[in-house]
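Enquirer: File name upload-v9.pdb; file contents PDB, C-alpha atoms and all ligand atoms; full text below.
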```
ATOM      1  CA  MET K   5      32.166 122.674 -63.437
ATOM      2  CA  LYS K   6      34.013 120.587 -65.979
ATOM      3  CA  ILE K   7      37.701 121.343 -66.426
ATOM      4  CA  ALA K   8      40.129 120.289 -69.134
ATOM      5  CA  LEU K   9      43.866 120.561 -68.541
ATOM      6  CA  LEU K  10      46.572 121.467 -71.012
ATOM      7  CA  GLY K  11      49.574 119.841 -69.367
ATOM      8  CA  ASN K  12      50.305 116.854 -67.181
ATOM      9  CA  GLY K  13      53.055 118.097 -64.878
ATOM     10  CA  ALA K  14      53.570 119.646 -61.455
ATOM     11  CA  ILE K  15      50.868 122.341 -61.686
ATOM     12  CA  ALA K  16      48.347 120.047 -63.405
ATOM     13  CA  LYS K  17      48.809 117.503 -60.605
ATOM     14  CA  LEU K  18      48.049 120.061 -57.869
ATOM     15  CA  VAL K  19      45.036 121.455 -59.737
ATOM     16  CA  ALA K  20      43.717 117.926 -60.288
ATOM     17  CA  GLN K  21      44.136 117.178 -56.555
ATOM     18  CA  PHE K  22      42.277 120.388 -55.672
ATOM     19  CA  CYS K  23      39.397 119.371 -57.945
ATOM     20  CA  ALA K  24      39.349 115.776 -56.710
ATOM     21  CA  GLU K  25      38.946 117.055 -53.144
ATOM     22  CA  ARG K  26      35.876 119.080 -54.224
ATOM     23  CA  PRO K  27      33.990 116.672 -56.512
ATOM     24  CA  ALA K  28      30.668 118.462 -56.096
ATOM     25  CA  LYS K  29      32.186 121.603 -57.651
ATOM     26  CA  TYR K  30      34.887 120.462 -60.072
ATOM     27  CA  GLN K  31      35.498 117.493 -62.340
ATOM     28  CA  VAL K  32      38.656 117.208 -64.442
ATOM     29  CA  ALA K  33      37.428 115.646 -67.679
ATOM     30  CA  ALA K  34      40.803 115.033 -69.347
ATOM     31  CA  ALA K  35      44.300 116.396 -69.888
ATOM     32  CA  LEU K  36      46.366 116.938 -73.004
ATOM     33  CA  GLY K  37      50.050 116.137 -72.599
ATOM     34  CA  LEU K  38      53.029 115.420 -74.782
ATOM     35  CA  PRO K  39      53.619 111.930 -76.243
ATOM     36  CA  SER K  40      56.286 111.535 -73.534
ATOM     37  CA  ASP K  41      53.558 111.837 -70.859
ATOM     38  CA  THR K  42      52.614 108.212 -70.396
ATOM     39  CA  ALA K  43      50.760 108.214 -67.055
ATOM     40  CA  SER K  44      48.178 110.792 -65.976
ATOM     41  CA  VAL K  45      48.971 112.876 -62.860
ATOM     42  CA  GLY K  46      45.337 112.417 -61.780
ATOM     43  CA  ALA K  47      42.403 110.056 -62.120
ATOM     44  CA  HIS K  48      41.396 111.729 -65.399
ATOM     45  CA  PRO K  49      42.408 110.319 -68.796
ATOM     46  CA  LEU K  50      45.249 111.682 -70.922
ATOM     47  CA  VAL K  51      44.421 112.542 -74.517
ATOM     48  CA  ALA K  52      46.779 113.108 -77.423
ATOM     49  CA  THR K  53      45.065 115.854 -79.430
ATOM     50  CA  LEU K  54      43.206 119.110 -78.813
ATOM     51  CA  PRO K  55      39.988 117.955 -80.568
ATOM     52  CA  GLU K  56      39.888 114.964 -78.173
ATOM     53  CA  LEU K  57      40.263 117.337 -75.218
ATOM     54  CA  LEU K  58      37.601 119.770 -76.404
ATOM     55  CA  ALA K  59      35.203 116.897 -77.212
ATOM     56  CA  HIS K  60      34.641 116.740 -73.435
ATOM     57  CA  LYS K  61      32.968 120.183 -73.740
ATOM     58  CA  PRO K  62      34.713 121.674 -70.675
ATOM     59  CA  ASP K  63      33.461 124.824 -68.973
ATOM     60  CA  LEU K  64      37.074 125.921 -68.654
ATOM     61  CA  VAL K  65      40.434 124.915 -70.115
ATOM     62  CA  VAL K  66      43.436 125.379 -67.809
ATOM     63  CA  GLU K  67      46.830 125.758 -69.456
ATOM     64  CA  ALA K  68      49.640 124.460 -67.236
ATOM     65  CA  ALA K  69      52.021 123.215 -69.883
ATOM     66  CA  GLY K  70      54.405 125.961 -71.018
ATOM     67  CA  HIS K  71      54.893 128.537 -73.733
ATOM     68  CA  GLY K  72      54.820 125.931 -76.525
ATOM     69  CA  ALA K  73      51.371 124.754 -75.500
ATOM     70  CA  VAL K  74      49.959 128.306 -75.495
ATOM     71  CA  LYS K  75      51.382 128.791 -78.973
ATOM     72  CA  ALA K  76      50.137 125.423 -80.241
ATOM     73  CA  HIS K  77      46.651 125.426 -78.712
ATOM     74  CA  GLY K  78      45.698 128.733 -77.062
ATOM     75  CA  ALA K  79      43.966 130.471 -79.964
ATOM     76  CA  ALA K  80      42.258 127.261 -81.116
ATOM     77  CA  VAL K  81      40.735 126.751 -77.648
ATOM     78  CA  LEU K  82      39.356 130.299 -77.698
ATOM     79  CA  ARG K  83      38.128 130.155 -81.290
ATOM     80  CA  ALA K  84      36.162 127.032 -80.326
ATOM     81  CA  GLY K  85      34.483 129.161 -77.636
ATOM     82  CA  PHE K  86      36.118 127.724 -74.495
ATOM     83  CA  ASN K  87      37.314 129.960 -71.656
ATOM     84  CA  LEU K  88      41.044 129.608 -71.031
ATOM     85  CA  ILE K  89      43.267 130.156 -67.998
ATOM     86  CA  ILE K  90      46.847 130.820 -69.160
ATOM     87  CA  VAL K  91      49.471 130.364 -66.442
ATOM     88  CA  SER K  92      52.411 130.536 -68.880
ATOM     89  CA  THR K  93      51.905 134.293 -69.131
ATOM     90  CA  GLY K  94      55.437 134.807 -70.455
ATOM     91  CA  SER K  95      54.274 133.345 -73.771
ATOM     92  CA  LEU K  96      52.237 136.534 -74.259
ATOM     93  CA  ALA K  97      55.477 138.536 -74.558
ATOM     94  CA  ASP K  98      55.566 137.177 -78.120
ATOM     95  CA  GLN K  99      53.727 140.009 -79.880
ATOM     96  CA  ALA K 100      52.423 137.798 -82.704
ATOM     97  CA  LEU K 101      51.046 135.265 -80.214
ATOM     98  CA  TRP K 102      49.491 138.053 -78.105
ATOM     99  CA  ASP K 103      47.777 139.444 -81.210
ATOM    100  CA  GLU K 104      46.483 135.982 -82.142
ATOM    101  CA  ILE K 105      45.198 135.164 -78.636
ATOM    102  CA  LYS K 106      43.576 138.589 -78.225
ATOM    103  CA  ALA K 107      41.826 138.404 -81.603
ATOM    104  CA  ALA K 108      40.640 134.846 -80.907
ATOM    105  CA  ALA K 109      39.121 135.918 -77.582
ATOM    106  CA  GLU K 110      37.593 139.109 -78.970
ATOM    107  CA  ASN K 111      36.000 137.265 -81.883
ATOM    108  CA  SER K 112      34.496 134.509 -79.744
ATOM    109  CA  THR K 113      32.417 134.276 -76.582
ATOM    110  CA  ALA K 114      35.453 132.971 -74.689
ATOM    111  CA  GLN K 115      37.577 134.844 -72.187
ATOM    112  CA  VAL K 116      41.242 134.553 -71.241
ATOM    113  CA  LYS K 117      41.913 134.595 -67.508
ATOM    114  CA  LEU K 118      45.432 135.248 -66.248
ATOM    115  CA  PRO K 119      46.295 134.070 -62.726
ATOM    116  CA  ALA K 120      48.657 136.059 -60.517
ATOM    117  CA  GLY K 121      51.053 133.122 -60.329
ATOM    118  CA  ALA K 122      53.852 133.866 -57.890
ATOM    119  CA  LEU K 123      53.599 137.648 -58.379
ATOM    120  CA  PRO K 124      52.430 139.639 -55.348
ATOM    121  CA  GLY K 125      50.244 142.693 -55.756
ATOM    122  CA  VAL K 126      48.553 142.010 -59.101
ATOM    123  CA  ASP K 127      45.330 143.476 -57.761
ATOM    124  CA  SER K 128      47.150 146.662 -56.682
ATOM    125  CA  LEU K 129      48.936 147.021 -60.036
ATOM    126  CA  ALA K 130      45.777 146.480 -62.073
ATOM    127  CA  ALA K 131      43.741 148.873 -59.930
ATOM    128  CA  GLY K 132      46.595 151.392 -59.586
ATOM    129  CA  LYS K 133      46.952 151.486 -63.379
ATOM    130  CA  LEU K 134      43.596 153.232 -63.524
ATOM    131  CA  ALA K 135      45.200 156.226 -61.785
ATOM    132  CA  GLY K 136      48.370 156.032 -63.928
ATOM    133  CA  ILE K 137      51.577 154.181 -63.020
ATOM    134  CA  ASP K 138      54.993 155.784 -63.621
ATOM    135  CA  ARG K 139      57.356 152.969 -62.675
ATOM    136  CA  VAL K 140      57.255 149.189 -62.170
ATOM    137  CA  GLU K 141      60.344 147.225 -61.194
ATOM    138  CA  LEU K 142      60.570 143.538 -60.426
ATOM    139  CA  LYS K 143      63.574 141.762 -58.919
ATOM    140  CA  SER K 144      63.393 137.955 -58.953
ATOM    141  CA  SER K 145      65.994 136.058 -56.932
ATOM    142  CA  LYS K 146      66.327 132.283 -57.065
ATOM    143  CA  PRO K 147      68.996 129.812 -55.943
ATOM    144  CA  PRO K 148      71.742 129.509 -58.605
ATOM    145  CA  LYS K 149      70.700 125.982 -59.599
ATOM    146  CA  ALA K 150      67.178 127.225 -60.390
ATOM    147  CA  TRP K 151      68.741 129.078 -63.344
ATOM    148  CA  SER K 152      70.132 125.890 -64.902
ATOM    149  CA  GLY K 153      68.901 125.329 -68.432
ATOM    150  CA  THR K 154      68.570 129.093 -69.001
ATOM    151  CA  PRO K 155      70.809 131.604 -70.844
ATOM    152  CA  ALA K 156      72.449 132.302 -67.442
ATOM    153  CA  GLU K 157      74.410 129.064 -67.923
ATOM    154  CA  LYS K 158      76.197 130.606 -70.903
ATOM    155  CA  THR K 159      77.282 133.734 -69.033
ATOM    156  CA  HIS K 160      77.906 132.317 -65.544
ATOM    157  CA  ASP K 161      79.245 129.171 -63.911
ATOM    158  CA  LEU K 162      76.193 128.691 -61.684
ATOM    159  CA  SER K 163      77.936 126.119 -59.462
ATOM    160  CA  LYS K 164      80.585 128.705 -58.498
ATOM    161  CA  ILE K 165      78.282 131.589 -57.531
ATOM    162  CA  THR K 166      78.861 132.475 -53.859
ATOM    163  CA  THR K 167      77.323 135.975 -53.700
ATOM    164  CA  PRO K 168      74.053 137.375 -55.138
ATOM    165  CA  THR K 169      74.759 137.807 -58.858
ATOM    166  CA  VAL K 170      72.664 139.660 -61.454
ATOM    167  CA  ILE K 171      72.200 137.298 -64.412
ATOM    168  CA  PHE K 172      69.798 139.517 -66.370
ATOM    169  CA  SER K 173      68.745 143.135 -66.411
ATOM    170  CA  GLY K 174      66.320 144.517 -68.976
ATOM    171  CA  ASN K 175      62.654 144.866 -69.730
ATOM    172  CA  ALA K 176      59.888 142.334 -69.104
ATOM    173  CA  ARG K 177      59.580 141.321 -72.758
ATOM    174  CA  GLU K 178      63.266 140.411 -72.992
ATOM    175  CA  ALA K 179      63.093 138.574 -69.647
ATOM    176  CA  ALA K 180      59.972 136.575 -70.499
ATOM    177  CA  LEU K 181      61.242 135.513 -73.915
ATOM    178  CA  ALA K 182      64.777 134.602 -72.781
ATOM    179  CA  PHE K 183      63.702 132.804 -69.561
ATOM    180  CA  PRO K 184      60.404 131.124 -70.531
ATOM    181  CA  LYS K 185      60.230 128.831 -67.474
ATOM    182  CA  ASN K 186      61.548 131.369 -64.950
ATOM    183  CA  ALA K 187      60.178 134.789 -65.875
ATOM    184  CA  ASN K 188      56.422 134.294 -66.206
ATOM    185  CA  VAL K 189      56.175 136.538 -63.145
ATOM    186  CA  ALA K 190      57.818 139.385 -65.085
ATOM    187  CA  ALA K 191      55.245 139.001 -67.843
ATOM    188  CA  THR K 192      52.377 139.008 -65.349
ATOM    189  CA  ALA K 193      53.708 142.248 -63.835
ATOM    190  CA  ALA K 194      53.854 143.779 -67.315
ATOM    191  CA  LEU K 195      50.363 142.637 -68.244
ATOM    192  CA  ALA K 196      48.817 143.849 -64.987
ATOM    193  CA  GLY K 197      50.702 147.146 -65.024
ATOM    194  CA  ILE K 198      52.400 149.289 -67.662
ATOM    195  CA  GLY K 199      53.339 146.778 -70.349
ATOM    196  CA  PHE K 200      56.343 144.744 -71.422
ATOM    197  CA  GLU K 201      58.652 147.575 -72.523
ATOM    198  CA  LYS K 202      58.267 149.843 -69.497
ATOM    199  CA  THR K 203      58.475 147.132 -66.809
ATOM    200  CA  ARG K 204      62.078 146.817 -65.586
ATOM    201  CA  VAL K 205      63.289 143.365 -64.553
ATOM    202  CA  THR K 206      66.366 142.130 -62.708
ATOM    203  CA  LEU K 207      67.020 138.395 -62.339
ATOM    204  CA  VAL K 208      69.428 137.302 -59.600
ATOM    205  CA  ALA K 209      71.168 134.008 -58.812
ATOM    206  CA  ASP K 210      71.369 134.200 -55.034
ATOM    207  CA  PRO K 211      73.066 131.436 -53.027
ATOM    208  CA  ASN K 212      71.528 132.867 -49.840
ATOM    209  CA  VAL K 213      67.918 132.085 -50.805
ATOM    210  CA  THR K 214      66.185 128.713 -50.805
ATOM    211  CA  GLN K 215      62.883 130.005 -52.166
ATOM    212  CA  ASN K 216      61.900 132.089 -55.200
ATOM    213  CA  VAL K 217      61.931 135.688 -53.959
ATOM    214  CA  HIS K 218      60.053 138.303 -56.007
ATOM    215  CA  ARG K 219      60.272 141.969 -54.997
ATOM    216  CA  LEU K 220      57.843 144.292 -56.743
ATOM    217  CA  GLU K 221      58.033 148.081 -56.646
ATOM    218  CA  ALA K 222      55.625 150.487 -58.311
ATOM    219  CA  ASP K 223      54.926 154.213 -58.110
ATOM    220  CA  GLY K 224      52.036 156.132 -59.575
ATOM    221  CA  GLY K 225      48.938 158.196 -59.006
ATOM    222  CA  PHE K 226      47.682 155.612 -56.495
ATOM    223  CA  GLY K 227      50.777 155.997 -54.287
ATOM    224  CA  SER K 228      53.710 153.607 -53.847
ATOM    225  CA  LEU K 229      53.889 149.833 -53.682
ATOM    226  CA  ARG K 230      56.681 147.735 -52.123
ATOM    227  CA  LEU K 231      55.985 144.010 -51.876
ATOM    228  CA  GLU K 232      58.132 140.927 -51.513
ATOM    229  CA  ILE K 233      57.176 137.266 -51.618
ATOM    230  CA  SER K 234      59.396 134.322 -50.684
ATOM    231  CA  ALA K 235      57.586 131.591 -52.548
ATOM    232  CA  ASN K 236      57.996 127.909 -51.745
ATOM    233  CA  PRO K 237      58.789 125.665 -54.696
ATOM    234  CA  SER K 238      56.159 123.322 -56.063
ATOM    235  CA  PRO K 239      56.508 119.816 -54.560
ATOM    236  CA  ASP K 240      57.233 118.240 -57.978
ATOM    237  CA  ASN K 241      59.063 121.041 -59.820
ATOM    238  CA  PRO K 242      61.611 123.308 -58.065
ATOM    239  CA  LYS K 243      61.469 125.820 -60.946
ATOM    240  CA  THR K 244      57.773 126.382 -60.351
ATOM    241  CA  SER K 245      56.491 128.214 -57.276
ATOM    242  CA  HIS K 246      53.667 126.502 -55.422
ATOM    243  CA  MET K 247      51.811 129.826 -55.763
ATOM    244  CA  ALA K 248      51.376 129.180 -59.502
ATOM    245  CA  ALA K 249      49.011 126.276 -58.827
ATOM    246  CA  LEU K 250      47.398 128.048 -55.849
ATOM    247  CA  SER K 251      46.596 131.083 -57.993
ATOM    248  CA  ILE K 252      44.849 128.850 -60.546
ATOM    249  CA  MET K 253      42.819 127.318 -57.722
ATOM    250  CA  ARG K 254      41.828 130.831 -56.669
ATOM    251  CA  LEU K 255      40.520 131.532 -60.178
ATOM    252  CA  LEU K 256      38.581 128.241 -60.054
ATOM    253  CA  GLU K 257      37.046 129.405 -56.777
ATOM    254  CA  HIS K 258      36.064 132.660 -58.502
ATOM    255  CA  GLU K 259      34.043 130.592 -60.975
ATOM    256  CA  THR K 260      31.967 128.915 -58.279
ATOM    257  CA  ALA K 261      31.967 131.080 -55.117
ATOM    258  CA  ALA K 262      29.010 133.183 -54.001
ATOM    259  CA  ILE K 263      31.376 135.885 -52.719
ATOM    260  CA  VAL K 264      34.538 136.625 -54.690
ATOM    261  CA  ILE K 265      37.704 138.366 -53.463
TER     262      ILE K 265
HETATM  263  N1  LIG K 301      52.654 132.467 -63.929
HETATM  264  C1  LIG K 301      53.565 131.956 -63.110
HETATM  265  O1  LIG K 301      53.939 132.578 -62.103
HETATM  266  C2  LIG K 301      54.146 130.598 -63.403
HETATM  267  C3  LIG K 301      54.923 129.982 -62.412
HETATM  268  C4  LIG K 301      55.434 128.730 -62.678
HETATM  269  C5  LIG K 301      55.209 128.094 -63.902
HETATM  270  N2  LIG K 301      54.475 128.729 -64.842
HETATM  271  C6  LIG K 301      54.234 128.073 -66.167
HETATM  272  O2  LIG K 301      53.588 126.847 -65.956
HETATM  273  C7  LIG K 301      54.149 125.878 -66.844
HETATM  274  C8  LIG K 301      53.912 124.500 -66.273
HETATM  275  O3  LIG K 301      54.617 124.375 -65.040
HETATM  276  P1  LIG K 301      54.838 122.930 -64.381
HETATM  277  O4  LIG K 301      55.664 123.146 -63.165
HETATM  278  O5  LIG K 301      53.548 122.205 -64.268
HETATM  279  O6  LIG K 301      55.740 122.224 -65.515
HETATM  280  P2  LIG K 301      56.046 120.694 -65.722
HETATM  281  O7  LIG K 301      57.290 120.631 -66.536
HETATM  282  O8  LIG K 301      55.995 119.947 -64.427
HETATM  283  O9  LIG K 301      54.804 120.154 -66.599
HETATM  284  C9  LIG K 301      54.528 120.615 -67.898
HETATM  285  C10 LIG K 301      53.585 119.633 -68.572
HETATM  286  O10 LIG K 301      53.114 120.177 -69.801
HETATM  287  C11 LIG K 301      53.280 119.223 -70.852
HETATM  288  N3  LIG K 301      53.476 119.940 -72.107
HETATM  289  C12 LIG K 301      54.546 120.679 -72.479
HETATM  290  N4  LIG K 301      54.360 121.183 -73.706
HETATM  291  C13 LIG K 301      53.130 120.790 -74.096
HETATM  292  C14 LIG K 301      52.361 120.975 -75.284
HETATM  293  N5  LIG K 301      52.832 121.687 -76.323
HETATM  294  N6  LIG K 301      51.131 120.428 -75.346
HETATM  295  C15 LIG K 301      50.650 119.699 -74.326
HETATM  296  N7  LIG K 301      51.330 119.468 -73.184
HETATM  297  C16 LIG K 301      52.560 119.996 -73.089
HETATM  298  C17 LIG K 301      54.480 118.400 -70.424
HETATM  299  O11 LIG K 301      54.534 117.174 -71.074
HETATM  300  C18 LIG K 301      54.214 118.284 -68.923
HETATM  301  O12 LIG K 301      53.261 117.266 -68.674
HETATM  302  C19 LIG K 301      55.626 126.295 -66.969
HETATM  303  O13 LIG K 301      56.204 125.854 -68.171
HETATM  304  C20 LIG K 301      55.529 127.804 -66.916
HETATM  305  O14 LIG K 301      55.414 128.320 -68.238
HETATM  306  C21 LIG K 301      53.925 129.949 -64.622
END
```
As structure tokens, what does this structure read like?
Expert:
Amino acid sequence: MKIALLGNGAIAKLVAQFCAERPAKYQVAAALGLPSDTASVGAHPLVATLPELLAHKPDLVVEAAGHGAVKAHGAAVLRAGFNLIIVSTGSLADQALWDEIKAAAENSTAQVKLPAGALPGVDSLAAGKLAGIDRVELKSSKPPKAWSGTPAEKTHDLSKITTPTVIFSGNAREAALAFPKNANVAATAALAGIGFEKTRVTLVADPNVTQNVHRLEADGGFGSLRLEISANPSPDNPKTSHMAALSIMRLLEHETAAIVI
């Protein structure tokens, strides 16, 4: 299958490698980056505009670029009839963007596919929802320096944190919008489960962790869920868990495998 990438960074590089290792199944036709992206992270060409990307007539467009790219290109990709994987799920906390993306998908033949990213238990949340879920809570702990460049810098001196410190507590919509590069997992929990307002989120700067640790709790008609993942960072971007790229690869496997799980 022919894949087009939105983005030319850490996740795009891993997805391109995955495809290059399986040339009989996947070919990356091209990637759209920012003007600052001068060299491609793979063997595929970089293009400068969405029409150039879609001219390759991909079977699937994979967004791995950030909230701005979903806003700039997501609906246009769908309106043109191309299926779209969105890994920057936090962008969908923007109600206007959600409405636009949903309408674009509903009014075309295209489908939006959301990968689990670094969130454990998406399958359990989405299935459990069918029996009613009363409570979903997510606690995401990362090393203090992983919160640099976020609103946490304004409220805390990250270099002086010596004990686990709560830097945000609120709902998933607030978390996803305030921490666009660090709280996609919160948005994915909301989308799989009981929505942005009801999903409670705590973000922690923890000097005792070296990985991104996400603890998910949920209770409902299905029973109770307690899951924790200690996710390794992506080789080229410490803010991104390696699981983000792996979960995209899993969706690519779903497109081609005879047996899907
Ligand atoms: N769902 C999850 O669990 C999860 C986890 C980690 C990251 N993410 C999302 O994935 C995104 C990409 O992660 P990464 O580690 O590859 O980031 P990165 O910074 O390494 O790469 C981002 C790439 O996208 C390009 N880009 C940015 N804005 C663009 C735009 N408007 N149009 C086209 N290209 C654009 C950049 O130039 C860069 O090449 C993150 O911003 C985050 O939103 C999701």
Enquirer: Using all atoms listed in the file, which residues of chain K come within 7 Å of ligand LIG 301 (chain K), and what is the closest atom pair for each, with the distance in Å to one decimal? Give it as JSON lines, sorted by chain and residue number.
Expert:
```
{"residue": "K:Leu10", "atom": "CA", "partner": "K:LIG301", "partner_atom": "C15", "distance": 5.5}
{"residue": "K:Gly11", "atom": "CA", "partner": "K:LIG301", "partner_atom": "O10", "distance": 3.6}
{"residue": "K:Asn12", "atom": "CA", "partner": "K:LIG301", "partner_atom": "O12", "distance": 3.3}
{"residue": "K:Gly13", "atom": "CA", "partner": "K:LIG301", "partner_atom": "O9", "distance": 3.2}
{"residue": "K:Ala14", "atom": "CA", "partner": "K:LIG301", "partner_atom": "O5", "distance": 3.8}
{"residue": "K:Ile15", "atom": "CA", "partner": "K:LIG301", "partner_atom": "O5", "distance": 3.7}
{"residue": "K:Ala16", "atom": "CA", "partner": "K:LIG301", "partner_atom": "O5", "distance": 5.7}
{"residue": "K:Leu36", "atom": "CA", "partner": "K:LIG301", "partner_atom": "C15", "distance": 5.3}
{"residue": "K:Gly37", "atom": "CA", "partner": "K:LIG301", "partner_atom": "N7", "distance": 3.6}
{"residue": "K:Leu38", "atom": "CA", "partner": "K:LIG301", "partner_atom": "O11", "distance": 4.4}
{"residue": "K:Ser40", "atom": "CA", "partner": "K:LIG301", "partner_atom": "O11", "distance": 6.4}
{"residue": "K:Asp41", "atom": "CA", "partner": "K:LIG301", "partner_atom": "O11", "distance": 5.4}
{"residue": "K:Ala68", "atom": "CA", "partner": "K:LIG301", "partner_atom": "C8", "distance": 4.4}
{"residue": "K:Ala69", "atom": "CA", "partner": "K:LIG301", "partner_atom": "O10", "distance": 3.2}
{"residue": "K:Gly70", "atom": "CA", "partner": "K:LIG301", "partner_atom": "O13", "distance": 3.4}
{"residue": "K:His71", "atom": "CA", "partner": "K:LIG301", "partner_atom": "O14", "distance": 5.5}
{"residue": "K:Gly72", "atom": "CA", "partner": "K:LIG301", "partner_atom": "N5", "distance": 4.7}
{"residue": "K:Ala73", "atom": "CA", "partner": "K:LIG301", "partner_atom": "N5", "distance": 3.5}
{"residue": "K:Ala76", "atom": "CA", "partner": "K:LIG301", "partner_atom": "N5", "distance": 6.0}
{"residue": "K:Val91", "atom": "CA", "partner": "K:LIG301", "partner_atom": "N1", "distance": 4.6}
{"residue": "K:Ser92", "atom": "CA", "partner": "K:LIG301", "partner_atom": "O14", "distance": 3.8}
{"residue": "K:Thr93", "atom": "CA", "partner": "K:LIG301", "partner_atom": "N1", "distance": 5.6}
{"residue": "K:Gly94", "atom": "CA", "partner": "K:LIG301", "partner_atom": "O14", "distance": 6.9}
{"residue": "K:Pro119", "atom": "CA", "partner": "K:LIG301", "partner_atom": "N1", "distance": 6.7}
{"residue": "K:Ala120", "atom": "CA", "partner": "K:LIG301", "partner_atom": "N1", "distance": 6.4}
{"residue": "K:Gly121", "atom": "CA", "partner": "K:LIG301", "partner_atom": "O1", "distance": 3.4}
{"residue": "K:Ala122", "atom": "CA", "partner": "K:LIG301", "partner_atom": "O1", "distance": 4.4}
{"residue": "K:Leu123", "atom": "CA", "partner": "K:LIG301", "partner_atom": "O1", "distance": 6.3}
{"residue": "K:Pro184", "atom": "CA", "partner": "K:LIG301", "partner_atom": "O14", "distance": 6.2}
{"residue": "K:Lys185", "atom": "CA", "partner": "K:LIG301", "partner_atom": "C20", "distance": 4.8}
{"residue": "K:Asn188", "atom": "CA", "partner": "K:LIG301", "partner_atom": "N1", "distance": 4.8}
{"residue": "K:Val189", "atom": "CA", "partner": "K:LIG301", "partner_atom": "O1", "distance": 4.7}
{"residue": "K:Thr192", "atom": "CA", "partner": "K:LIG301", "partner_atom": "N1", "distance": 6.7}
{"residue": "K:Asp240", "atom": "CA", "partner": "K:LIG301", "partner_atom": "O8", "distance": 6.8}
{"residue": "K:Asn241", "atom": "CA", "partner": "K:LIG301", "partner_atom": "O4", "distance": 5.2}
{"residue": "K:Lys243", "atom": "CA", "partner": "K:LIG301", "partner_atom": "O4", "distance": 6.8}
{"residue": "K:Thr244", "atom": "CA", "partner": "K:LIG301", "partner_atom": "C4", "distance": 4.0}
{"residue": "K:Ser245", "atom": "CA", "partner": "K:LIG301", "partner_atom": "C4", "distance": 5.5}
{"residue": "K:Ala248", "atom": "CA", "partner": "K:LIG301", "partner_atom": "C3", "distance": 4.7}
```
Enquirer: Would you compute the distance between atom CA of Ala131 of chain K and atom CA of Ile263 of chain K? Give it in Å to one decimal.
Expert: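 Here the two named atoms are 19.3 Å from each other.
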Enquirer: Could you list, as an mmCIF file with C-alpha atoms, in the coordinates of the input, every residue matched by the PyMOL selection byres (((chain K and resi 213-222) around 6) and not hetatm) in this structure?
Expert:
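Heads up, here's the output in result.cif:
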```
data_model
loop_
_atom_site.group_PDB
_atom_site.id
_atom_site.type_symbol
_atom_site.label_atom_id
_atom_site.label_comp_id
_atom_site.auth_asym_id
_atom_site.auth_seq_id
_atom_site.Cartn_x
_atom_site.Cartn_y
_atom_site.Cartn_z
ATOM 1 C CA ARG K 139 57.356 152.969 -62.675
ATOM 2 C CA VAL K 140 57.255 149.189 -62.170
ATOM 3 C CA GLU K 141 60.344 147.225 -61.194
ATOM 4 C CA LEU K 142 60.570 143.538 -60.426
ATOM 5 C CA LYS K 143 63.574 141.762 -58.919
ATOM 6 C CA SER K 144 63.393 137.955 -58.953
ATOM 7 C CA SER K 145 65.994 136.058 -56.932
ATOM 8 C CA LYS K 146 66.327 132.283 -57.065
ATOM 9 C CA PRO K 147 68.996 129.812 -55.943
ATOM 10 C CA ASP K 210 71.369 134.200 -55.034
ATOM 11 C CA PRO K 211 73.066 131.436 -53.027
ATOM 12 C CA ASN K 212 71.528 132.867 -49.840
ATOM 13 C CA ASP K 223 54.926 154.213 -58.110
ATOM 14 C CA SER K 228 53.710 153.607 -53.847
ATOM 15 C CA LEU K 229 53.889 149.833 -53.682
ATOM 16 C CA ARG K 230 56.681 147.735 -52.123
ATOM 17 C CA LEU K 231 55.985 144.010 -51.876
ATOM 18 C CA GLU K 232 58.132 140.927 -51.513
ATOM 19 C CA ILE K 233 57.176 137.266 -51.618
ATOM 20 C CA SER K 234 59.396 134.322 -50.684
ATOM 21 C CA ALA K 235 57.586 131.591 -52.548
ATOM 22 C CA ASN K 236 57.996 127.909 -51.745
#
```
Enquirer: Written as a PDB file with C-alpha atoms, in the coordinates of the input, what is the full residue list that the PyMOL selection byres (((chain K and resi 75) around 10) and not hetatm) yields on the file shown?
Expert:
```pdb
ATOM      1  CA  GLY K  70      54.405 125.961 -71.018  1.00  0.00           C
ATOM      2  CA  HIS K  71      54.893 128.537 -73.733  1.00  0.00           C
ATOM      3  CA  GLY K  72      54.820 125.931 -76.525  1.00  0.00           C
ATOM      4  CA  ALA K  73      51.371 124.754 -75.500  1.00  0.00           C
ATOM      5  CA  VAL K  74      49.959 128.306 -75.495  1.00  0.00           C
ATOM      6  CA  ALA K  76      50.137 125.423 -80.241  1.00  0.00           C
ATOM      7  CA  HIS K  77      46.651 125.426 -78.712  1.00  0.00           C
ATOM      8  CA  GLY K  78      45.698 128.733 -77.062  1.00  0.00           C
ATOM      9  CA  ALA K  79      43.966 130.471 -79.964  1.00  0.00           C
ATOM     10  CA  ALA K  80      42.258 127.261 -81.116  1.00  0.00           C
ATOM     11  CA  SER K  95      54.274 133.345 -73.771  1.00  0.00           C
ATOM     12  CA  LEU K  96      52.237 136.534 -74.259  1.00  0.00           C
ATOM     13  CA  ASP K  98      55.566 137.177 -78.120  1.00  0.00           C
ATOM     14  CA  ALA K 100      52.423 137.798 -82.704  1.00  0.00           C
ATOM     15  CA  LEU K 101      51.046 135.265 -80.214  1.00  0.00           C
ATOM     16  CA  TRP K 102      49.491 138.053 -78.105  1.00  0.00           C
ATOM     17  CA  GLU K 104      46.483 135.982 -82.142  1.00  0.00           C
ATOM     18  CA  ILE K 105      45.198 135.164 -78.636  1.00  0.00           C
TER      19      ILE K 105
END
```
Enquirer: For atom CA of Gly224 of chain K and atom CA of Ala135 of chain K, determine how far apart the two atoms are, in Å to one decimal place.
Expert: 7.2 Å
Enquirer: Applying the PyMOL selection byres (((chain K and resi 35) around 10) and not hetatm) to the file I just gave you, which residues come out? Please list them as a list in words.
Expert: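 Those residues are Ile7, Ala8, Leu9, Leu10, Gly11, Asn12, Ala16, Ala20, Val32, Ala33, Ala34, Leu36, Gly37, Ser44, Val45, Gly46, His48, Pro49, Leu50, Val51, Ala52, Thr53, Leu54, Glu56, Leu57, Leu58, Val65, Val66 and Glu67 of chain K.
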